[in-house]
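These notes are about the structure you will find just below.
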Amino acid sequence: MTYFSDTWDTLDGLLSGRSAVFAVCDENVKPAGAALGRCKSGKIPVKYVRVSERQKDMKLVLEICGWLLDKGADRNALVLAIGGGITSDLVGFAASIYKRGVKAAYVPTTLLAQVDAAIGGKTGVNFRNYKNMLGTIVEPEFTFVCSAFLKTLPEPVFRQGVAELLKAFLIENQNDNYRKAVRYFSGITSSTQYQDSTLLLPYIQSAAAVKEKIVAEDLYESGLRRVLNLGHTFAHGIEHLSRKWRLLSRPEPIPHGDAVAMGIVLAARLSRKTGLCAEPLDEQLREDFLSCGLKADCPYSPKEILKAARTDKKAEGEILHFVLLRGVGDVTVKDLKISEAIRAFENE
Ligand SMILES: NC(=O)c1ccc[n+]([C@@H]2O[C@H](COP(=O)([O-])OP(=O)(O)OC[C@H]3O[C@@H](n4cnc5c(N)ncnc54)[C@H](O)[C@@H]3O)[C@@H](O)[C@H]2O)c1
Ligand SMILES: [Zn+2]
């Protein structure tokens with residue numbers, strides 16, 4: 001169950017009556033952890049963690065499990081994860097294996113985690129250079145989405161979440177949410193604007209609802225859930241290449257949200273090239289993403305990306321599951337051989 005609020009106090013009600021709550025909080029959101037101390041539900045032990053993709057590993061999972069053991073957490077424990085997607089993935093995984101599994105609840109503090117990572121039950125850590133290679137799928141007891149936490153979020157981190165939010169509306173475009181969101185997010189030019197959490201919350205809520213609805217029908221990704229990977233087959237290839245070819249001009253790898261924006265544009269282009277979509281949707285989406293402050297122009301060729309996408313853990317041999325677009329809010333999954341997809345891009 002996901003609860004939405006633009007004020008923090010509501011969490012108190014969700015925790016009241018629970019005796020064994022243990023919180024793991026991202027160091028960068030200390031004020032949120034400190035606020036737990038003010039909860040009427042009683043004193044909650046908090047462990048602060050420093051997170052990064054590099055530290056998203058079994059070592060930190062075992063450290064969290066060790067802390068729970070030291071604090072005397074038993075099978076009735078509820079482990080609360082406060083932070084972005086790295087924190088919810090790590091802490092959710094630790095909770096799912098501690099004493100063969102205790103309950104977890106998420107308080108996501110990045111836009112990306114509020115519309116994506118903290119919804120849908122996937123947990124995990126990186127292993128041997130593969131992202132999220134070890135993990136579990138266990139639905140949290142609840143997710144508490146509070147837009148007020150985004151006030152402290154640095155703007156570049158905020159933008160990365162916009163890509164996943166727009167992705168949700170490209171999958172399901174109820175009430176023309178996609179166009180409304182493009183208009184709203186392209187109007188945001190400084191962090192003070194997204195600090196107005198009352199305006200932001202309805203977009204978060206609608207995007208999270210798209211994911212929740214799909215996951216409710218297909219928790220274990222046997223079919224429908226695959227549509228949530230819109231743009232991601234390409235994005236994983238792009239991220240792989242950008243980690244491999246760090247240039248002097250671009251020492252940091254391409255962030256995930258930008259890679260997703262580039263990936264969605266490529267998915268729309270492939271949809272056109274395979275005859276699924278008649279309009280130049282790829283061009284339109286590119287302009288939309290650029291106006292929302294995302295980087296939508298990919299520095300690699302489709303051929304390079306698709307070859308790199310072979311390493312994606314969702315690839316099955318030479319076959320990739322592509323999420324293609326017939327239009328905004330109308331997606332379908334098509335299995336194509338990597339060579340077929342490369343050929344389609346080469347067809348002008
Ligand atoms: N489980 C899933 O279904 C799922 C889906 C999408 C992504 N993910 C995972 O999510 C991760 C990315 O999540 P993310 O983008 O939230 O990254 P993150 O957790 O690294 O957070 C980004 C940065 O923002 C900081 N931060 C977080 N909240 C803040 C706040 N309120 N104020 C100031 N700073 C804050 C963090 O310390 C970090 O430096 C990836 O590891 C990805 O694999 C999981
Ligand atoms: Zn993503």
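A note on labels: chains of the structure tokens are A, B, ... as shown, every chain counts residues from 1, and ligands are counted from 1 in their shown order.
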Inset, instruction - Would you list the contacts of range 268-279 of chain A as a list in words, taking every protein, DNA or RNA residue within 7 Å and counting only C-alpha atoms, but skipping same-chain residues closer than 3 positions in sequence? - result: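 Near range 268-279 of chain A, the qualifying residues are Ile264, Val265, Asp282, Leu324, Leu325, Arg326, Gly327, Ala344 and Phe345 of chain A.
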Just-selected residues, C-alpha atoms written as a PDB file, in the first residue's frame:
```pdb
ATOM      1  CA  ILE A 264      12.852   6.188 -24.843  1.00  0.00           C
ATOM      2  CA  VAL A 265      13.689   8.337 -27.873  1.00  0.00           C
ATOM      3  CA  ASP A 282      10.738  10.152 -31.464  1.00  0.00           C
ATOM      4  CA  LEU A 324       7.782  -0.068 -28.333  1.00  0.00           C
ATOM      5  CA  LEU A 325       5.333   2.807 -28.675  1.00  0.00           C
ATOM      6  CA  ARG A 326       2.340   3.077 -30.970  1.00  0.00           C
ATOM      7  CA  GLY A 327       1.753   6.506 -29.465  1.00  0.00           C
ATOM      8  CA  ALA A 344      15.776  -1.802 -38.565  1.00  0.00           C
ATOM      9  CA  PHE A 345      17.780   1.239 -37.450  1.00  0.00           C
TER      10      PHE A 345
END
```
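Residues of protein, DNA or RNA lying at most 6 Å from ligand 1, when only C-alpha atoms and all ligand atoms are considered, are Asp26, Asn28, Val29, Ser52, Glu53, Gly83, Gly84, Gly85, Ile86, Thr87, Asp89, Thr109, Thr110, Leu112, Ala113, Asp116, Ala117, Gly120, Lys122, Thr123, Phe149, Leu150, Thr152, Leu153 and Val157 of chain A.
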Residues from last step as file, C-alpha atoms, as a short mmCIF file (atom, residue, chain, number, x, y, z; two decimals), in the first residue's frame:
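Generated file (again.cif):
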```cif
data_model
loop_
_atom_site.label_atom_id
_atom_site.label_comp_id
_atom_site.auth_asym_id
_atom_site.auth_seq_id
_atom_site.Cartn_x
_atom_site.Cartn_y
_atom_site.Cartn_z
CA ASP A 26 20.62 7.73 4.12
CA ASN A 28 22.13 12.80 3.26
CA VAL A 29 18.60 12.92 4.66
CA SER A 52 26.45 5.05 -3.62
CA GLU A 53 26.19 2.57 -6.49
CA GLY A 83 16.39 7.54 1.42
CA GLY A 84 16.56 7.19 -2.34
CA GLY A 85 16.36 4.07 -4.48
CA ILE A 86 19.74 2.76 -3.36
CA THR A 87 18.60 2.80 0.28
CA ASP A 89 16.87 -1.56 -2.59
CA THR A 109 13.25 10.74 -0.48
CA THR A 110 14.15 11.16 -4.17
CA LEU A 112 12.95 8.60 -8.70
CA ALA A 113 12.35 6.45 -5.63
CA ASP A 116 9.64 4.02 -9.17
CA ALA A 117 12.21 2.35 -6.89
CA GLY A 120 6.80 -2.74 -6.81
CA LYS A 122 12.04 -5.35 -6.21
CA THR A 123 15.06 -5.20 -3.91
CA PHE A 149 11.35 15.48 1.48
CA LEU A 150 12.25 16.62 -2.02
CA THR A 152 16.56 19.28 -0.05
CA LEU A 153 17.11 17.26 -3.20
CA VAL A 157 19.10 14.39 -8.84
#
```
Legend entry - Shell of 10 Å around ligand 2 (only C-alpha atoms and all ligand atoms), written as a PyMOL selection string: chain A and resi 112-113+116-117+160-161+163-165+167+228-232+235-236+256-261
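When CA of Ser190 in chain A is paired with CA of Leu36 in chain A, their separation reads 29.1 Å.
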Inset, instruction - May I have all residues of range 87-183 of chain A that DSSP, computed from the backbone, assigns to strand (DSSP E or B), given as an NGL selection string? - result: :A and (103-108 or 122 or 125-127 or 130-134 or 137 or 142-146)
Keeping only C-alpha atoms, write the selected residues as a PDB file, in the first residue's frame.
```
ATOM      1  CA  LYS A 103       8.783  -6.684   7.106  1.00  0.00           C
ATOM      2  CA  ALA A 104      10.153  -3.595   5.393  1.00  0.00           C
ATOM      3  CA  ALA A 105       8.559  -0.204   4.766  1.00  0.00           C
ATOM      4  CA  TYR A 106       9.894   2.588   2.582  1.00  0.00           C
ATOM      5  CA  VAL A 107      10.101   6.328   2.980  1.00  0.00           C
ATOM      6  CA  PRO A 108      11.514   7.361  -0.415  1.00  0.00           C
ATOM      7  CA  LYS A 122      12.036  -5.352  -6.209  1.00  0.00           C
ATOM      8  CA  VAL A 125      22.366  -5.083  -4.748  1.00  0.00           C
ATOM      9  CA  ASN A 126      25.087  -4.930  -7.370  1.00  0.00           C
ATOM     10  CA  PHE A 127      27.385  -7.923  -7.783  1.00  0.00           C
ATOM     11  CA  TYR A 130      26.340  -6.218 -12.690  1.00  0.00           C
ATOM     12  CA  LYS A 131      23.588  -3.904 -11.461  1.00  0.00           C
ATOM     13  CA  ASN A 132      21.008  -5.416  -9.121  1.00  0.00           C
ATOM     14  CA  MET A 133      22.282  -8.917  -9.851  1.00  0.00           C
ATOM     15  CA  LEU A 134      21.329 -10.266  -6.390  1.00  0.00           C
ATOM     16  CA  ILE A 137      10.866  -9.471  -4.892  1.00  0.00           C
ATOM     17  CA  PHE A 142       3.841   0.191   3.085  1.00  0.00           C
ATOM     18  CA  THR A 143       5.509   3.015   1.192  1.00  0.00           C
ATOM     19  CA  PHE A 144       5.116   6.538   2.525  1.00  0.00           C
ATOM     20  CA  VAL A 145       5.603   9.119  -0.216  1.00  0.00           C
ATOM     21  CA  CYS A 146       6.028  12.630   1.125  1.00  0.00           C
TER      22      CYS A 146
END
```
As a PDB file with C-alpha atoms, in the first residue's frame, please: every residue in range 152-316 of chain A that DSSP puts in alpha helix (DSSP H).
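Below is the file that was written, result25.pdb:
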```
ATOM      1  CA  GLU A 155      18.335  19.746  -8.849  1.00  0.00           C
ATOM      2  CA  PRO A 156      20.350  17.277 -11.014  1.00  0.00           C
ATOM      3  CA  VAL A 157      19.104  14.388  -8.840  1.00  0.00           C
ATOM      4  CA  PHE A 158      15.542  15.721  -9.075  1.00  0.00           C
ATOM      5  CA  ARG A 159      15.751  15.818 -12.901  1.00  0.00           C
ATOM      6  CA  GLN A 160      16.731  12.146 -13.108  1.00  0.00           C
ATOM      7  CA  GLY A 161      13.408  11.275 -11.465  1.00  0.00           C
ATOM      8  CA  VAL A 162      11.503  13.344 -14.032  1.00  0.00           C
ATOM      9  CA  ALA A 163      12.552  10.821 -16.715  1.00  0.00           C
ATOM     10  CA  GLU A 164      10.935   7.920 -14.821  1.00  0.00           C
ATOM     11  CA  LEU A 165       7.843   9.996 -14.097  1.00  0.00           C
ATOM     12  CA  LEU A 166       7.361  10.848 -17.786  1.00  0.00           C
ATOM     13  CA  LYS A 167       8.018   7.194 -18.640  1.00  0.00           C
ATOM     14  CA  ALA A 168       5.032   6.202 -16.474  1.00  0.00           C
ATOM     15  CA  PHE A 169       2.718   8.548 -18.386  1.00  0.00           C
ATOM     16  CA  LEU A 170       4.036   7.332 -21.739  1.00  0.00           C
ATOM     17  CA  ILE A 171       2.962   3.847 -20.643  1.00  0.00           C
ATOM     18  CA  ASN A 177      -1.087  13.348 -17.767  1.00  0.00           C
ATOM     19  CA  TYR A 178       1.905  13.100 -20.072  1.00  0.00           C
ATOM     20  CA  ARG A 179       1.312  16.465 -21.748  1.00  0.00           C
ATOM     21  CA  LYS A 180       0.375  18.124 -18.430  1.00  0.00           C
ATOM     22  CA  ALA A 181       3.561  16.794 -16.819  1.00  0.00           C
ATOM     23  CA  VAL A 182       5.768  17.987 -19.706  1.00  0.00           C
ATOM     24  CA  ARG A 183       4.227  21.438 -19.328  1.00  0.00           C
ATOM     25  CA  TYR A 184       4.724  21.445 -15.544  1.00  0.00           C
ATOM     26  CA  PHE A 185       8.293  20.092 -15.475  1.00  0.00           C
ATOM     27  CA  SER A 186       9.524  22.221 -18.368  1.00  0.00           C
ATOM     28  CA  SER A 191      14.949  24.114  -7.189  1.00  0.00           C
ATOM     29  CA  THR A 192      12.735  26.654  -5.412  1.00  0.00           C
ATOM     30  CA  GLN A 193       9.932  25.698  -7.796  1.00  0.00           C
ATOM     31  CA  TYR A 194       9.834  21.991  -6.998  1.00  0.00           C
ATOM     32  CA  SER A 197       5.335  20.191  -2.831  1.00  0.00           C
ATOM     33  CA  THR A 198       1.578  20.783  -3.136  1.00  0.00           C
ATOM     34  CA  LEU A 199       1.838  21.273  -6.910  1.00  0.00           C
ATOM     35  CA  LEU A 200       4.249  18.388  -7.335  1.00  0.00           C
ATOM     36  CA  LEU A 201       2.439  15.717  -5.312  1.00  0.00           C
ATOM     37  CA  PRO A 202      -0.423  14.992  -7.789  1.00  0.00           C
ATOM     38  CA  TYR A 203       2.130  14.153 -10.523  1.00  0.00           C
ATOM     39  CA  ILE A 204       4.041  11.859  -8.192  1.00  0.00           C
ATOM     40  CA  GLN A 205       0.841  10.182  -7.086  1.00  0.00           C
ATOM     41  CA  SER A 206      -0.407   9.557 -10.646  1.00  0.00           C
ATOM     42  CA  ALA A 207       2.958   8.223 -11.846  1.00  0.00           C
ATOM     43  CA  ALA A 208       3.306   5.917  -8.833  1.00  0.00           C
ATOM     44  CA  ALA A 209      -0.249   4.690  -9.471  1.00  0.00           C
ATOM     45  CA  VAL A 210       0.711   3.594 -13.001  1.00  0.00           C
ATOM     46  CA  LYS A 211       3.478   1.395 -11.608  1.00  0.00           C
ATOM     47  CA  GLU A 212       1.380   0.111  -8.710  1.00  0.00           C
ATOM     48  CA  LYS A 213      -1.420  -0.967 -11.029  1.00  0.00           C
ATOM     49  CA  ILE A 214       0.902  -2.855 -13.365  1.00  0.00           C
ATOM     50  CA  VAL A 215       2.785  -4.536 -10.525  1.00  0.00           C
ATOM     51  CA  ALA A 216      -0.494  -5.599  -8.892  1.00  0.00           C
ATOM     52  CA  GLU A 217      -1.221  -7.612 -12.037  1.00  0.00           C
ATOM     53  CA  HIS A 232      15.570   0.716 -20.336  1.00  0.00           C
ATOM     54  CA  THR A 233      16.847  -1.866 -22.844  1.00  0.00           C
ATOM     55  CA  PHE A 234      18.663   0.971 -24.575  1.00  0.00           C
ATOM     56  CA  ALA A 235      19.425   2.810 -21.311  1.00  0.00           C
ATOM     57  CA  HIS A 236      21.320  -0.175 -19.907  1.00  0.00           C
ATOM     58  CA  GLY A 237      23.431  -0.353 -23.070  1.00  0.00           C
ATOM     59  CA  ILE A 238      24.068   3.412 -22.900  1.00  0.00           C
ATOM     60  CA  GLU A 239      25.050   3.242 -19.212  1.00  0.00           C
ATOM     61  CA  HIS A 240      27.330   0.276 -19.910  1.00  0.00           C
ATOM     62  CA  LEU A 241      29.112   2.161 -22.707  1.00  0.00           C
ATOM     63  CA  SER A 242      29.395   5.354 -20.691  1.00  0.00           C
ATOM     64  CA  ARG A 243      31.025   3.479 -17.802  1.00  0.00           C
ATOM     65  CA  LYS A 244      33.415   1.813 -20.234  1.00  0.00           C
ATOM     66  CA  HIS A 256      20.252   6.862 -15.261  1.00  0.00           C
ATOM     67  CA  GLY A 257      17.420   9.345 -15.964  1.00  0.00           C
ATOM     68  CA  ASP A 258      19.253  10.858 -18.944  1.00  0.00           C
ATOM     69  CA  ALA A 259      20.016   7.353 -20.247  1.00  0.00           C
ATOM     70  CA  VAL A 260      16.293   6.499 -19.902  1.00  0.00           C
ATOM     71  CA  ALA A 261      15.318   9.661 -21.810  1.00  0.00           C
ATOM     72  CA  MET A 262      17.765   8.746 -24.605  1.00  0.00           C
ATOM     73  CA  GLY A 263      16.501   5.154 -24.478  1.00  0.00           C
ATOM     74  CA  ILE A 264      12.852   6.188 -24.843  1.00  0.00           C
ATOM     75  CA  VAL A 265      13.689   8.337 -27.873  1.00  0.00           C
ATOM     76  CA  LEU A 266      15.481   5.326 -29.411  1.00  0.00           C
ATOM     77  CA  ALA A 267      12.537   3.042 -28.577  1.00  0.00           C
ATOM     78  CA  ALA A 268      10.208   5.504 -30.347  1.00  0.00           C
ATOM     79  CA  ARG A 269      12.577   5.595 -33.320  1.00  0.00           C
ATOM     80  CA  LEU A 270      12.639   1.790 -33.481  1.00  0.00           C
ATOM     81  CA  SER A 271       8.822   1.830 -33.317  1.00  0.00           C
ATOM     82  CA  ARG A 272       8.774   4.073 -36.386  1.00  0.00           C
ATOM     83  CA  LYS A 273      11.383   2.023 -38.227  1.00  0.00           C
ATOM     84  CA  LEU A 281       6.988  10.509 -32.129  1.00  0.00           C
ATOM     85  CA  ASP A 282      10.738  10.152 -31.464  1.00  0.00           C
ATOM     86  CA  GLU A 283      11.335  13.773 -32.472  1.00  0.00           C
ATOM     87  CA  GLN A 284       8.449  14.991 -30.324  1.00  0.00           C
ATOM     88  CA  LEU A 285       9.635  13.053 -27.260  1.00  0.00           C
ATOM     89  CA  ARG A 286      13.181  14.295 -27.746  1.00  0.00           C
ATOM     90  CA  GLU A 287      11.954  17.892 -27.641  1.00  0.00           C
ATOM     91  CA  ASP A 288       9.789  17.184 -24.589  1.00  0.00           C
ATOM     92  CA  PHE A 289      12.697  15.645 -22.649  1.00  0.00           C
ATOM     93  CA  LEU A 290      15.076  18.456 -23.586  1.00  0.00           C
ATOM     94  CA  SER A 291      12.523  21.028 -22.440  1.00  0.00           C
ATOM     95  CA  PRO A 302      22.129   2.223 -31.989  1.00  0.00           C
ATOM     96  CA  LYS A 303      24.457  -0.582 -33.122  1.00  0.00           C
ATOM     97  CA  GLU A 304      26.974   0.065 -30.323  1.00  0.00           C
ATOM     98  CA  ILE A 305      24.190   0.364 -27.749  1.00  0.00           C
ATOM     99  CA  LEU A 306      22.410  -2.805 -28.799  1.00  0.00           C
ATOM    100  CA  LYS A 307      25.621  -4.804 -28.734  1.00  0.00           C
ATOM    101  CA  ALA A 308      26.316  -3.473 -25.236  1.00  0.00           C
TER     102      ALA A 308
END
```
Inset, instruction - Please indicate the distance in Å from CA of Glu340 in chain A to CA of Gly223 in chain A, rounded to one decimal place. - result: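 Going from CA of Glu340 in chain A over to CA of Gly223 in chain A, I get 21.8 Å.
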Legend entry - Two-atom distance - CA of Ser19 in chain A, CA of Arg75 in chain A (Å):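 We find that CA of Ser19 in chain A and CA of Arg75 in chain A lie 12.0 Å from each other.
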Inset, instruction - Please identify all polymer residues within 6 Å of Tyr48 in chain A, counting only C-alpha atoms, omitting same-chain residues fewer than 5 positions from it, and present them as number ranges by chain. - result: A: 24-27
